[in-house]
Amino acid sequence: MAHLIPFLDLRREDGGLAAETARAALRVIQSGRYILGPEVEDFEDAWSAYCGTRFCIGTGNGLDALRLILLAHGIGAGHEVIVPANTYIATWLAVSQTGATPVPVDAKLDTQNIDPARVEDAITERTKAIIAVHMYGLPAEMDALAAIADRFELKLFEDAAHAHGAVYKGARAGNLGNAAMFSFYPTKNLGAIGDAGCVTTNDEEIAQAVRRLRNYGGGGQVGKYDHQVQGYNSRLDELQAAVLSARLLLLDKSNARRWARAEDYLMSLAGFPVKFQESGGGRVWHQFVIRVDAQDRDALRDWLASQEIGTEIHYPVPPHLTEAYAGLGLGSGSFPVAERLANENISLPIGYDVEVEAVARKVVAGLSVMESRR
Ligand SMILES: *Cc1c(COP(=O)(O)O)cnc(C)c1O
């Protein structure tokens with residue numbers, strides 16, 4: 001797995017801020033305060049300011065953040081929530097964990113995001129919300145989704161785990177619906193050194209509800225042993241918050257660097273038999289994904305690995321085809337676009353110091369090897 005050009009080396013992602021991160025961590029270790037303290041409050045303020053939302057509530061991870069959003073809106077057993085067929089399974093799991101049922105809608109091939117034109121057909125009288133995922137950093141078509149949500153009186157939520165810093169029509173991801181979740185899992189564009197996540201929203205009642213739910217249903221400002229609901233334990237900790245505050249100072253720069261690398265890929269691979277996800281001005285690049293013929297995909301990855309280039313697939317199995325969701329009875333062929341993407345996508349390295357031209361040259365060479373094998 002240790003390729004000369006690895007898919008991602010987290011030790012290199014910190015850029016010039018490594019010392020800053022270490023100082024932040026030491027500050028927490030020496031503070032004697034480790035859960036729900038000033039570091040968490042500072043980061044929540046900084047992240048809500050960055051996203052342009054009134055509130056940010058830190059959580060233990062992204063999956064919990066999304067589950068708490070749904071619970072705070074009263075979503076649970078007997079309800080349905082529209083989810084993209086093309087996403088990481090966590091989007092679906094958050095819905096299932098509330099007792100509600102995820103109802104998938106297929107993607108558009110060029111955006112890889114949920115296809116707004118297919119949403120209406122999936123709505124029933126049990127539908128309560130739509131979750132949009134900004135796949136690989138490309139904002140979903142939020143205007144079209146909001147129009148549908150308005151018409152059917154649904155909530156619109158964002159799974160913004162890929163989209164730290166993305167902008168859609170002048171507003172940041174995290175500020176494009178009724179509430180949003182971010183994951184700060186270490187590989188995300190803003191990453192912690194462990195699990196971390198948050199909810200952003202402009203709705204004060206929802207913010208309060210999430211605050212209660214993350215901390216045993218009470219606690220904090222509302223009184224340490226005053227439990228108003230049966231909550232959970234999913235808190236952002238001081239260590240992660242301090243690291244995130246330090247790294248947040250680098251986010252725009254690191255997103256700009258990723259954009260430059262993406263443009264290099266787009267240029268170097270133009271005219272070859274690969275397809276790209278839409279670029280869209282306000283997007284960020286969480287992953288740089290190319291599509292190749294499904295019959296070549298795995299062989300090309302193997303060939304690139306033999307050339308010391310690490311790649312990944314995000315994601316090889318769409319949630320409806322996992323064993324976990326076999327119970328929904330949505331077999332192969334249910335969501336042709338999502339299934340096609342799972343068979344054609346390859347994520348190329350886009351990390352801190354990747355030499356894009358070197359990778360692109362190998363991809364081009366690999367494609368002609370695939371061609372000659374036919
Ligand atoms: C990473 C991710 C999540 C889950 O976040 P965790 O912090 O790992 O719980 C959810 N949705 C998407 C699209 C993700 O990429």
# chains A, B, ... in the order shown; residues from 1 in each chain; ligands from 1
$ closest_atom_pairs --of "region 234-255 of chain A" --to "region 43-49 of chain A" --cutoff "9 Å" --atoms "only C-alpha atoms" --output "Markdown table"
| residue | atom | partner | partner_atom | distance |
| --- | --- | --- | --- | --- |
| A:Ala241 | CA | A:Phe43 | CA | 5.8 |
| A:Ala242 | CA | A:Phe43 | CA | 7.1 |
| A:Leu244 | CA | A:Phe43 | CA | 7.1 |
| A:Ser245 | CA | A:Phe43 | CA | 5.4 |
| A:Leu248 | CA | A:Trp47 | CA | 8.1 |
$ residues_near_ligand --ligand "ligand 1" --cutoff "6 Å" --atoms "only C-alpha atoms and all ligand atoms" --output "list of chain:residue names"
A:Asn61, A:Gly62, A:Leu63, A:Thr87, A:Tyr88, A:Ala90, A:Thr91, A:Asp159, A:Ala161, A:His162, A:Ser183, A:Phe184, A:Tyr185, A:Asp195, A:Ala196, A:Gly197
$ select_by_dssp --residues "region 177-362 of chain A" --states "helix (DSSP H, G or I)" --output "ChimeraX atom specification"
/A:204-214,220-222,238-248,251-269,294-306,319-321,323-328,336-344,356-362
$ residues_around --residues "region 146-155 of chain A" --least-positions-apart "3" --cutoff "10 Å" --atoms "only C-alpha atoms" --output "list in words"
Leu70, His73, Val81, Ile82, Pro116, Ala117, Val119, Glu120, Ile123, Thr124, Glu125, Thr127, Lys128, Ala129, Ile130, Ile131, Glu141, Met142, Asp143, Leu176, Gly177, Asn178 and Ala179 of chain A
$ write_last_selection --atoms "N, CA, C and O atoms" --output "compact mmCIF listing (two decimals), in the first residue's frame"
# COMPACT_ATOMS: atom_id res chain seq x y z
N LEU A 70 -31.96 15.04 12.27
CA LEU A 70 -33.25 14.40 11.97
C LEU A 70 -34.10 14.29 13.24
O LEU A 70 -35.28 14.64 13.24
N HIS A 73 -35.70 17.42 14.42
CA HIS A 73 -36.87 17.79 13.63
C HIS A 73 -38.04 16.84 13.83
O HIS A 73 -39.02 16.89 13.09
N VAL A 81 -37.36 9.59 4.48
CA VAL A 81 -36.44 10.68 4.14
C VAL A 81 -35.80 10.35 2.80
O VAL A 81 -35.26 9.26 2.61
N ILE A 82 -35.86 11.31 1.87
CA ILE A 82 -35.25 11.13 0.55
C ILE A 82 -33.73 11.28 0.68
O ILE A 82 -33.24 12.25 1.27
N PRO A 116 -32.65 16.21 -9.12
CA PRO A 116 -33.88 16.83 -8.63
C PRO A 116 -35.11 16.40 -9.41
O PRO A 116 -36.21 16.29 -8.85
N ALA A 117 -34.95 16.10 -10.71
CA ALA A 117 -36.09 15.74 -11.55
C ALA A 117 -36.71 14.41 -11.13
O ALA A 117 -37.84 14.11 -11.50
N VAL A 119 -36.92 13.46 -7.81
CA VAL A 119 -37.27 13.48 -6.39
C VAL A 119 -38.78 13.35 -6.17
O VAL A 119 -39.24 12.59 -5.32
N GLU A 120 -39.54 14.10 -6.99
CA GLU A 120 -40.98 14.16 -6.77
C GLU A 120 -41.63 12.77 -6.77
O GLU A 120 -42.50 12.49 -5.95
N ILE A 123 -41.67 10.95 -3.40
CA ILE A 123 -42.34 11.56 -2.23
C ILE A 123 -43.67 10.86 -1.96
O ILE A 123 -44.44 10.59 -2.87
N THR A 124 -43.91 10.53 -0.69
CA THR A 124 -45.20 9.98 -0.27
C THR A 124 -45.72 10.85 0.89
O THR A 124 -45.07 11.82 1.28
N GLU A 125 -46.86 10.46 1.44
CA GLU A 125 -47.37 11.26 2.57
C GLU A 125 -46.54 11.06 3.84
O GLU A 125 -46.67 11.80 4.80
N THR A 127 -43.18 11.20 3.71
CA THR A 127 -41.90 11.89 3.50
C THR A 127 -41.80 13.14 4.35
O THR A 127 -42.75 13.95 4.39
N LYS A 128 -40.69 13.31 5.07
CA LYS A 128 -40.51 14.48 5.93
C LYS A 128 -39.37 15.38 5.47
O LYS A 128 -39.35 16.56 5.82
N ALA A 129 -38.41 14.82 4.77
CA ALA A 129 -37.23 15.63 4.46
C ALA A 129 -36.48 15.07 3.26
O ALA A 129 -36.68 13.91 2.86
N ILE A 130 -35.62 15.92 2.71
CA ILE A 130 -34.67 15.54 1.66
C ILE A 130 -33.27 15.80 2.22
O ILE A 130 -33.03 16.86 2.79
N ILE A 131 -32.38 14.83 2.06
CA ILE A 131 -30.96 15.08 2.40
C ILE A 131 -30.17 15.17 1.10
O ILE A 131 -30.14 14.22 0.31
N GLU A 141 -27.90 20.52 -6.49
CA GLU A 141 -28.75 21.58 -7.08
C GLU A 141 -29.77 22.03 -6.03
O GLU A 141 -30.93 21.63 -6.06
N MET A 142 -29.32 22.89 -5.14
CA MET A 142 -30.11 23.23 -3.96
C MET A 142 -31.37 24.03 -4.30
O MET A 142 -32.40 23.86 -3.65
N ASP A 143 -31.30 24.91 -5.32
CA ASP A 143 -32.49 25.69 -5.67
C ASP A 143 -33.63 24.77 -6.10
O ASP A 143 -34.77 24.93 -5.65
N LEU A 176 -27.24 26.16 3.34
CA LEU A 176 -28.04 26.05 2.11
C LEU A 176 -29.37 25.33 2.33
O LEU A 176 -30.08 25.04 1.38
N GLY A 177 -29.71 25.06 3.57
CA GLY A 177 -30.97 24.36 3.84
C GLY A 177 -31.41 24.64 5.27
O GLY A 177 -30.98 25.61 5.88
N ASN A 178 -32.25 23.75 5.81
CA ASN A 178 -32.73 23.95 7.18
C ASN A 178 -31.66 23.62 8.22
O ASN A 178 -31.66 24.19 9.31
N ALA A 179 -30.77 22.71 7.89
CA ALA A 179 -29.65 22.37 8.77
C ALA A 179 -28.67 21.55 7.96
O ALA A 179 -29.03 20.95 6.94
$ closest_atom_pairs --of "region 229-286 of chain A" --to "region 368-373 of chain A" --cutoff "12 Å" --atoms "only C-alpha atoms" --output "Markdown table"
| residue | atom | partner | partner_atom | distance |
| --- | --- | --- | --- | --- |
| A:Phe272 | CA | A:Ser368 | CA | 9.6 |
| A:Pro273 | CA | A:Ser368 | CA | 9.6 |
| A:Val274 | CA | A:Ser368 | CA | 11.7 |
$ write_last_selection --atoms "C-alpha atoms" --output "PDB file, in the first residue's frame"
ATOM      1  CA  PHE A 272      -8.314  11.068 -23.361  1.00  0.00           C
ATOM      2  CA  PRO A 273     -11.038   8.477 -22.789  1.00  0.00           C
ATOM      3  CA  VAL A 274     -11.886   9.622 -19.263  1.00  0.00           C
TER       4      VAL A 274
END
$ closest_residue --among "A:Asn343, A:Gln277, A:Ser268, A:Ser332" --to "Ala299 (chain A)" --atoms "only C-alpha atoms"
A:Asn343
$ atom_distance --atom1 "CA of Glu323 (chain A)" --atom2 "CA of Glu344 (chain A)"
21.1 Å
$ atom_distance --atom1 "CA of Arg283 (chain A)" --atom2 "CA of Val167 (chain A)"
6.1 Å
$ atom_distance --atom1 "CA of Val243 (chain A)" --atom2 "CA of Ala25 (chain A)"
6.4 Å
$ closest_residue --among "A:Gly366, A:Arg247, A:Ser347, A:Thr111" --to "Gly310 (chain A)" --atoms "only C-alpha atoms"
A:Ser347
$ closest_residue --among "A:Phe7, A:Tyr325, A:Tyr168, A:Phe182" --to "Gly280 (chain A)" --atoms "only C-alpha atoms"
A:Tyr168
$ closest_residue --among "A:Asn345, A:Ser279, A:Ser96, A:Asn202" --to "Ile313 (chain A)" --atoms "only C-alpha atoms"
A:Asn345
$ select_by_dssp --residues "region 153-330 of chain A" --states "strand (DSSP E)" --output "list in words"
Lys155, Leu156, Phe157, Glu158, Asp159, Val167, Tyr168, Ala171, Arg172, Ala179, Ala180, Met181, Phe182, Ser183, Gly197, Cys198, Val199, Thr200, Thr201, Lys275, Phe276, Phe288, Val289, Ile290 and Arg291 of chain A
$ closest_residue --among "A:Asp353, A:Gly137, A:Asp264, A:Leu239" --to "Gln30 (chain A)" --atoms "only C-alpha atoms"
A:Leu239
$ closest_residue --among "A:Val284, A:Ile75, A:Val292, A:Ala262" --to "Ile350 (chain A)" --atoms "only C-alpha atoms"
A:Ala262
$ residues_around --residues "Leu10 (chain A)" --least-positions-apart "4" --cutoff "9 Å" --atoms "only C-alpha atoms" --output "number ranges by chain"
A: 14, 186-187, 351-352
$ residues_around --residues "Tyr315 (chain A)" --least-positions-apart "3" --cutoff "12 Å" --atoms "only C-alpha atoms" --output "PDB file with C-alpha atoms, in the first residue's frame"
ATOM      1  CA  ALA A  85     -28.636   6.630  -4.167  1.00  0.00           C
ATOM      2  CA  ASN A  86     -25.061   7.745  -4.835  1.00  0.00           C
ATOM      3  CA  THR A  87     -23.509   8.548  -1.455  1.00  0.00           C
ATOM      4  CA  TYR A  88     -21.532   7.084   1.380  1.00  0.00           C
ATOM      5  CA  ILE A  89     -23.661   4.703   3.446  1.00  0.00           C
ATOM      6  CA  ALA A  90     -23.515   7.063   6.464  1.00  0.00           C
ATOM      7  CA  GLN A 112     -22.959  12.561  -9.518  1.00  0.00           C
ATOM      8  CA  MET A 135     -20.607  14.721  -3.745  1.00  0.00           C
ATOM      9  CA  TYR A 136     -16.819  15.152  -3.784  1.00  0.00           C
ATOM     10  CA  GLN A 287     -11.994  13.965  -4.301  1.00  0.00           C
ATOM     11  CA  VAL A 289     -12.821  11.503  -9.587  1.00  0.00           C
ATOM     12  CA  GLU A 312      -9.283   4.740  -4.282  1.00  0.00           C
ATOM     13  CA  PRO A 318     -23.936   1.905  -3.525  1.00  0.00           C
ATOM     14  CA  PRO A 319     -25.800   1.608  -0.211  1.00  0.00           C
ATOM     15  CA  LEU A 321     -26.605  -3.061  -2.856  1.00  0.00           C
ATOM     16  CA  THR A 322     -24.940  -3.542   0.544  1.00  0.00           C
ATOM     17  CA  ALA A 338     -25.463   5.189  -9.024  1.00  0.00           C
ATOM     18  CA  GLU A 339     -24.546   1.617  -9.982  1.00  0.00           C
ATOM     19  CA  ARG A 340     -22.723   2.805 -13.064  1.00  0.00           C
ATOM     20  CA  LEU A 341     -20.747   5.383 -11.051  1.00  0.00           C
ATOM     21  CA  ALA A 342     -19.755   2.698  -8.556  1.00  0.00           C
ATOM     22  CA  ASN A 343     -18.320   0.671 -11.453  1.00  0.00           C
ATOM     23  CA  GLU A 344     -16.618   3.501 -13.367  1.00  0.00           C
ATOM     24  CA  ASN A 345     -15.235   5.936 -10.775  1.00  0.00           C
ATOM     25  CA  ILE A 346     -11.610   6.165  -9.709  1.00  0.00           C
ATOM     26  CA  SER A 347     -10.404   8.785  -7.218  1.00  0.00           C
TER      27      SER A 347
END
$ decode --residues "region 52-83 of chain A" --atoms "N, CA, C and O atoms" --output "PDB file, in the first residue's frame"
ATOM      1  N   GLY A  52     -21.332  31.152   7.685  1.00  0.00           N
ATOM      2  CA  GLY A  52     -22.355  32.191   7.605  1.00  0.00           C
ATOM      3  C   GLY A  52     -23.656  31.817   8.288  1.00  0.00           C
ATOM      4  O   GLY A  52     -24.700  32.428   8.030  1.00  0.00           O
ATOM      5  N   THR A  53     -23.620  30.824   9.153  1.00  0.00           N
ATOM      6  CA  THR A  53     -24.835  30.413   9.864  1.00  0.00           C
ATOM      7  C   THR A  53     -24.869  31.016  11.264  1.00  0.00           C
ATOM      8  O   THR A  53     -23.838  31.424  11.801  1.00  0.00           O
ATOM      9  N   ARG A  54     -26.036  31.053  11.867  1.00  0.00           N
ATOM     10  CA  ARG A  54     -26.140  31.597  13.228  1.00  0.00           C
ATOM     11  C   ARG A  54     -25.543  30.618  14.242  1.00  0.00           C
ATOM     12  O   ARG A  54     -25.000  31.036  15.247  1.00  0.00           O
ATOM     13  N   PHE A  55     -25.690  29.327  13.986  1.00  0.00           N
ATOM     14  CA  PHE A  55     -25.293  28.353  15.003  1.00  0.00           C
ATOM     15  C   PHE A  55     -24.415  27.239  14.433  1.00  0.00           C
ATOM     16  O   PHE A  55     -24.572  26.854  13.281  1.00  0.00           O
ATOM     17  N   CYS A  56     -23.533  26.752  15.276  1.00  0.00           N
ATOM     18  CA  CYS A  56     -22.779  25.529  14.995  1.00  0.00           C
ATOM     19  C   CYS A  56     -22.746  24.748  16.300  1.00  0.00           C
ATOM     20  O   CYS A  56     -22.486  25.324  17.365  1.00  0.00           O
ATOM     21  N   ILE A  57     -23.013  23.467  16.232  1.00  0.00           N
ATOM     22  CA  ILE A  57     -23.008  22.611  17.415  1.00  0.00           C
ATOM     23  C   ILE A  57     -22.072  21.438  17.127  1.00  0.00           C
ATOM     24  O   ILE A  57     -22.346  20.616  16.242  1.00  0.00           O
ATOM     25  N   GLY A  58     -20.984  21.364  17.870  1.00  0.00           N
ATOM     26  CA  GLY A  58     -20.019  20.291  17.663  1.00  0.00           C
ATOM     27  C   GLY A  58     -20.571  18.954  18.129  1.00  0.00           C
ATOM     28  O   GLY A  58     -21.267  18.874  19.146  1.00  0.00           O
ATOM     29  N   THR A  59     -20.228  17.902  17.370  1.00  0.00           N
ATOM     30  CA  THR A  59     -20.667  16.550  17.737  1.00  0.00           C
ATOM     31  C   THR A  59     -19.486  15.588  17.633  1.00  0.00           C
ATOM     32  O   THR A  59     -18.422  15.956  17.161  1.00  0.00           O
ATOM     33  N   GLY A  60     -19.724  14.363  18.044  1.00  0.00           N
ATOM     34  CA  GLY A  60     -18.656  13.379  18.069  1.00  0.00           C
ATOM     35  C   GLY A  60     -18.192  12.946  16.684  1.00  0.00           C
ATOM     36  O   GLY A  60     -17.048  12.526  16.503  1.00  0.00           O
ATOM     37  N   ASN A  61     -19.067  13.039  15.682  1.00  0.00           N
ATOM     38  CA  ASN A  61     -18.737  12.649  14.310  1.00  0.00           C
ATOM     39  C   ASN A  61     -19.857  13.128  13.388  1.00  0.00           C
ATOM     40  O   ASN A  61     -20.870  13.656  13.854  1.00  0.00           O
ATOM     41  N   GLY A  62     -19.661  12.915  12.087  1.00  0.00           N
ATOM     42  CA  GLY A  62     -20.638  13.392  11.117  1.00  0.00           C
ATOM     43  C   GLY A  62     -21.923  12.583  11.121  1.00  0.00           C
ATOM     44  O   GLY A  62     -23.015  13.143  11.003  1.00  0.00           O
ATOM     45  N   LEU A  63     -21.798  11.279  11.238  1.00  0.00           N
ATOM     46  CA  LEU A  63     -22.995  10.434  11.258  1.00  0.00           C
ATOM     47  C   LEU A  63     -23.931  10.860  12.388  1.00  0.00           C
ATOM     48  O   LEU A  63     -25.130  11.035  12.191  1.00  0.00           O
ATOM     49  N   ASP A  64     -23.397  11.041  13.582  1.00  0.00           N
ATOM     50  CA  ASP A  64     -24.225  11.480  14.709  1.00  0.00           C
ATOM     51  C   ASP A  64     -24.848  12.847  14.433  1.00  0.00           C
ATOM     52  O   ASP A  64     -26.013  13.085  14.769  1.00  0.00           O
ATOM     53  N   ALA A  65     -24.067  13.750  13.838  1.00  0.00           N
ATOM     54  CA  ALA A  65     -24.585  15.092  13.560  1.00  0.00           C
ATOM     55  C   ALA A  65     -25.838  14.998  12.699  1.00  0.00           C
ATOM     56  O   ALA A  65     -26.852  15.661  12.975  1.00  0.00           O
ATOM     57  N   LEU A  66     -25.784  14.151  11.674  1.00  0.00           N
ATOM     58  CA  LEU A  66     -26.935  14.013  10.774  1.00  0.00           C
ATOM     59  C   LEU A  66     -28.119  13.356  11.489  1.00  0.00           C
ATOM     60  O   LEU A  66     -29.265  13.775  11.336  1.00  0.00           O
ATOM     61  N   ARG A  67     -27.818  12.354  12.300  1.00  0.00           N
ATOM     62  CA  ARG A  67     -28.898  11.706  13.063  1.00  0.00           C
ATOM     63  C   ARG A  67     -29.556  12.707  14.016  1.00  0.00           C
ATOM     64  O   ARG A  67     -30.775  12.766  14.150  1.00  0.00           O
ATOM     65  N   LEU A  68     -28.743  13.533  14.684  1.00  0.00           N
ATOM     66  CA  LEU A  68     -29.305  14.499  15.633  1.00  0.00           C
ATOM     67  C   LEU A  68     -30.130  15.566  14.917  1.00  0.00           C
ATOM     68  O   LEU A  68     -31.134  16.043  15.461  1.00  0.00           O
ATOM     69  N   ILE A  69     -29.720  15.947  13.703  1.00  0.00           N
ATOM     70  CA  ILE A  69     -30.531  16.893  12.913  1.00  0.00           C
ATOM     71  C   ILE A  69     -31.927  16.308  12.692  1.00  0.00           C
ATOM     72  O   ILE A  69     -32.938  16.978  12.898  1.00  0.00           O
ATOM     73  N   LEU A  70     -31.960  15.043  12.273  1.00  0.00           N
ATOM     74  CA  LEU A  70     -33.247  14.404  11.971  1.00  0.00           C
ATOM     75  C   LEU A  70     -34.097  14.294  13.238  1.00  0.00           C
ATOM     76  O   LEU A  70     -35.279  14.635  13.240  1.00  0.00           O
ATOM     77  N   LEU A  71     -33.469  13.858  14.334  1.00  0.00           N
ATOM     78  CA  LEU A  71     -34.202  13.709  15.599  1.00  0.00           C
ATOM     79  C   LEU A  71     -34.709  15.062  16.097  1.00  0.00           C
ATOM     80  O   LEU A  71     -35.842  15.161  16.596  1.00  0.00           O
ATOM     81  N   ALA A  72     -33.897  16.096  15.950  1.00  0.00           N
ATOM     82  CA  ALA A  72     -34.300  17.433  16.404  1.00  0.00           C
ATOM     83  C   ALA A  72     -35.516  17.940  15.636  1.00  0.00           C
ATOM     84  O   ALA A  72     -36.265  18.777  16.123  1.00  0.00           O
ATOM     85  N   HIS A  73     -35.704  17.417  14.418  1.00  0.00           N
ATOM     86  CA  HIS A  73     -36.873  17.792  13.627  1.00  0.00           C
ATOM     87  C   HIS A  73     -38.043  16.836  13.826  1.00  0.00           C
ATOM     88  O   HIS A  73     -39.019  16.892  13.091  1.00  0.00           O
ATOM     89  N   GLY A  74     -37.912  15.948  14.794  1.00  0.00           N
ATOM     90  CA  GLY A  74     -39.016  15.040  15.094  1.00  0.00           C
ATOM     91  C   GLY A  74     -39.170  13.909  14.106  1.00  0.00           C
ATOM     92  O   GLY A  74     -40.233  13.290  14.008  1.00  0.00           O
ATOM     93  N   ILE A  75     -38.142  13.632  13.348  1.00  0.00           N
ATOM     94  CA  ILE A  75     -38.216  12.563  12.346  1.00  0.00           C
ATOM     95  C   ILE A  75     -37.867  11.224  12.985  1.00  0.00           C
ATOM     96  O   ILE A  75     -36.889  11.124  13.744  1.00  0.00           O
ATOM     97  N   GLY A  76     -38.675  10.222  12.723  1.00  0.00           N
ATOM     98  CA  GLY A  76     -38.453   8.906  13.332  1.00  0.00           C
ATOM     99  C   GLY A  76     -39.322   7.843  12.678  1.00  0.00           C
ATOM    100  O   GLY A  76     -39.651   7.947  11.485  1.00  0.00           O
ATOM    101  N   ALA A  77     -39.689   6.831  13.459  1.00  0.00           N
ATOM    102  CA  ALA A  77     -40.418   5.676  12.931  1.00  0.00           C
ATOM    103  C   ALA A  77     -41.666   6.120  12.178  1.00  0.00           C
ATOM    104  O   ALA A  77     -42.373   7.026  12.608  1.00  0.00           O
ATOM    105  N   GLY A  78     -41.900   5.478  11.041  1.00  0.00           N
ATOM    106  CA  GLY A  78     -43.081   5.782  10.240  1.00  0.00           C
ATOM    107  C   GLY A  78     -42.839   6.873   9.213  1.00  0.00           C
ATOM    108  O   GLY A  78     -43.684   7.125   8.354  1.00  0.00           O
ATOM    109  N   HIS A  79     -41.706   7.542   9.295  1.00  0.00           N
ATOM    110  CA  HIS A  79     -41.385   8.610   8.344  1.00  0.00           C
ATOM    111  C   HIS A  79     -40.423   8.112   7.271  1.00  0.00           C
ATOM    112  O   HIS A  79     -39.738   7.110   7.459  1.00  0.00           O
ATOM    113  N   GLU A  80     -40.390   8.866   6.187  1.00  0.00           N
ATOM    114  CA  GLU A  80     -39.440   8.588   5.109  1.00  0.00           C
ATOM    115  C   GLU A  80     -38.596   9.830   4.848  1.00  0.00           C
ATOM    116  O   GLU A  80     -39.066  10.952   4.997  1.00  0.00           O
ATOM    117  N   VAL A  81     -37.358   9.590   4.478  1.00  0.00           N
ATOM    118  CA  VAL A  81     -36.443  10.683   4.142  1.00  0.00           C
ATOM    119  C   VAL A  81     -35.799  10.355   2.799  1.00  0.00           C
ATOM    120  O   VAL A  81     -35.261   9.259   2.609  1.00  0.00           O
ATOM    121  N   ILE A  82     -35.863  11.309   1.870  1.00  0.00           N
ATOM    122  CA  ILE A  82     -35.252  11.131   0.546  1.00  0.00           C
ATOM    123  C   ILE A  82     -33.733  11.277   0.683  1.00  0.00           C
ATOM    124  O   ILE A  82     -33.243  12.249   1.268  1.00  0.00           O
ATOM    125  N   VAL A  83     -33.002  10.314   0.167  1.00  0.00           N
ATOM    126  CA  VAL A  83     -31.533  10.339   0.209  1.00  0.00           C
ATOM    127  C   VAL A  83     -30.989  10.054  -1.193  1.00  0.00           C
ATOM    128  O   VAL A  83     -31.670   9.430  -2.014  1.00  0.00           O
TER     129      VAL A  83
END
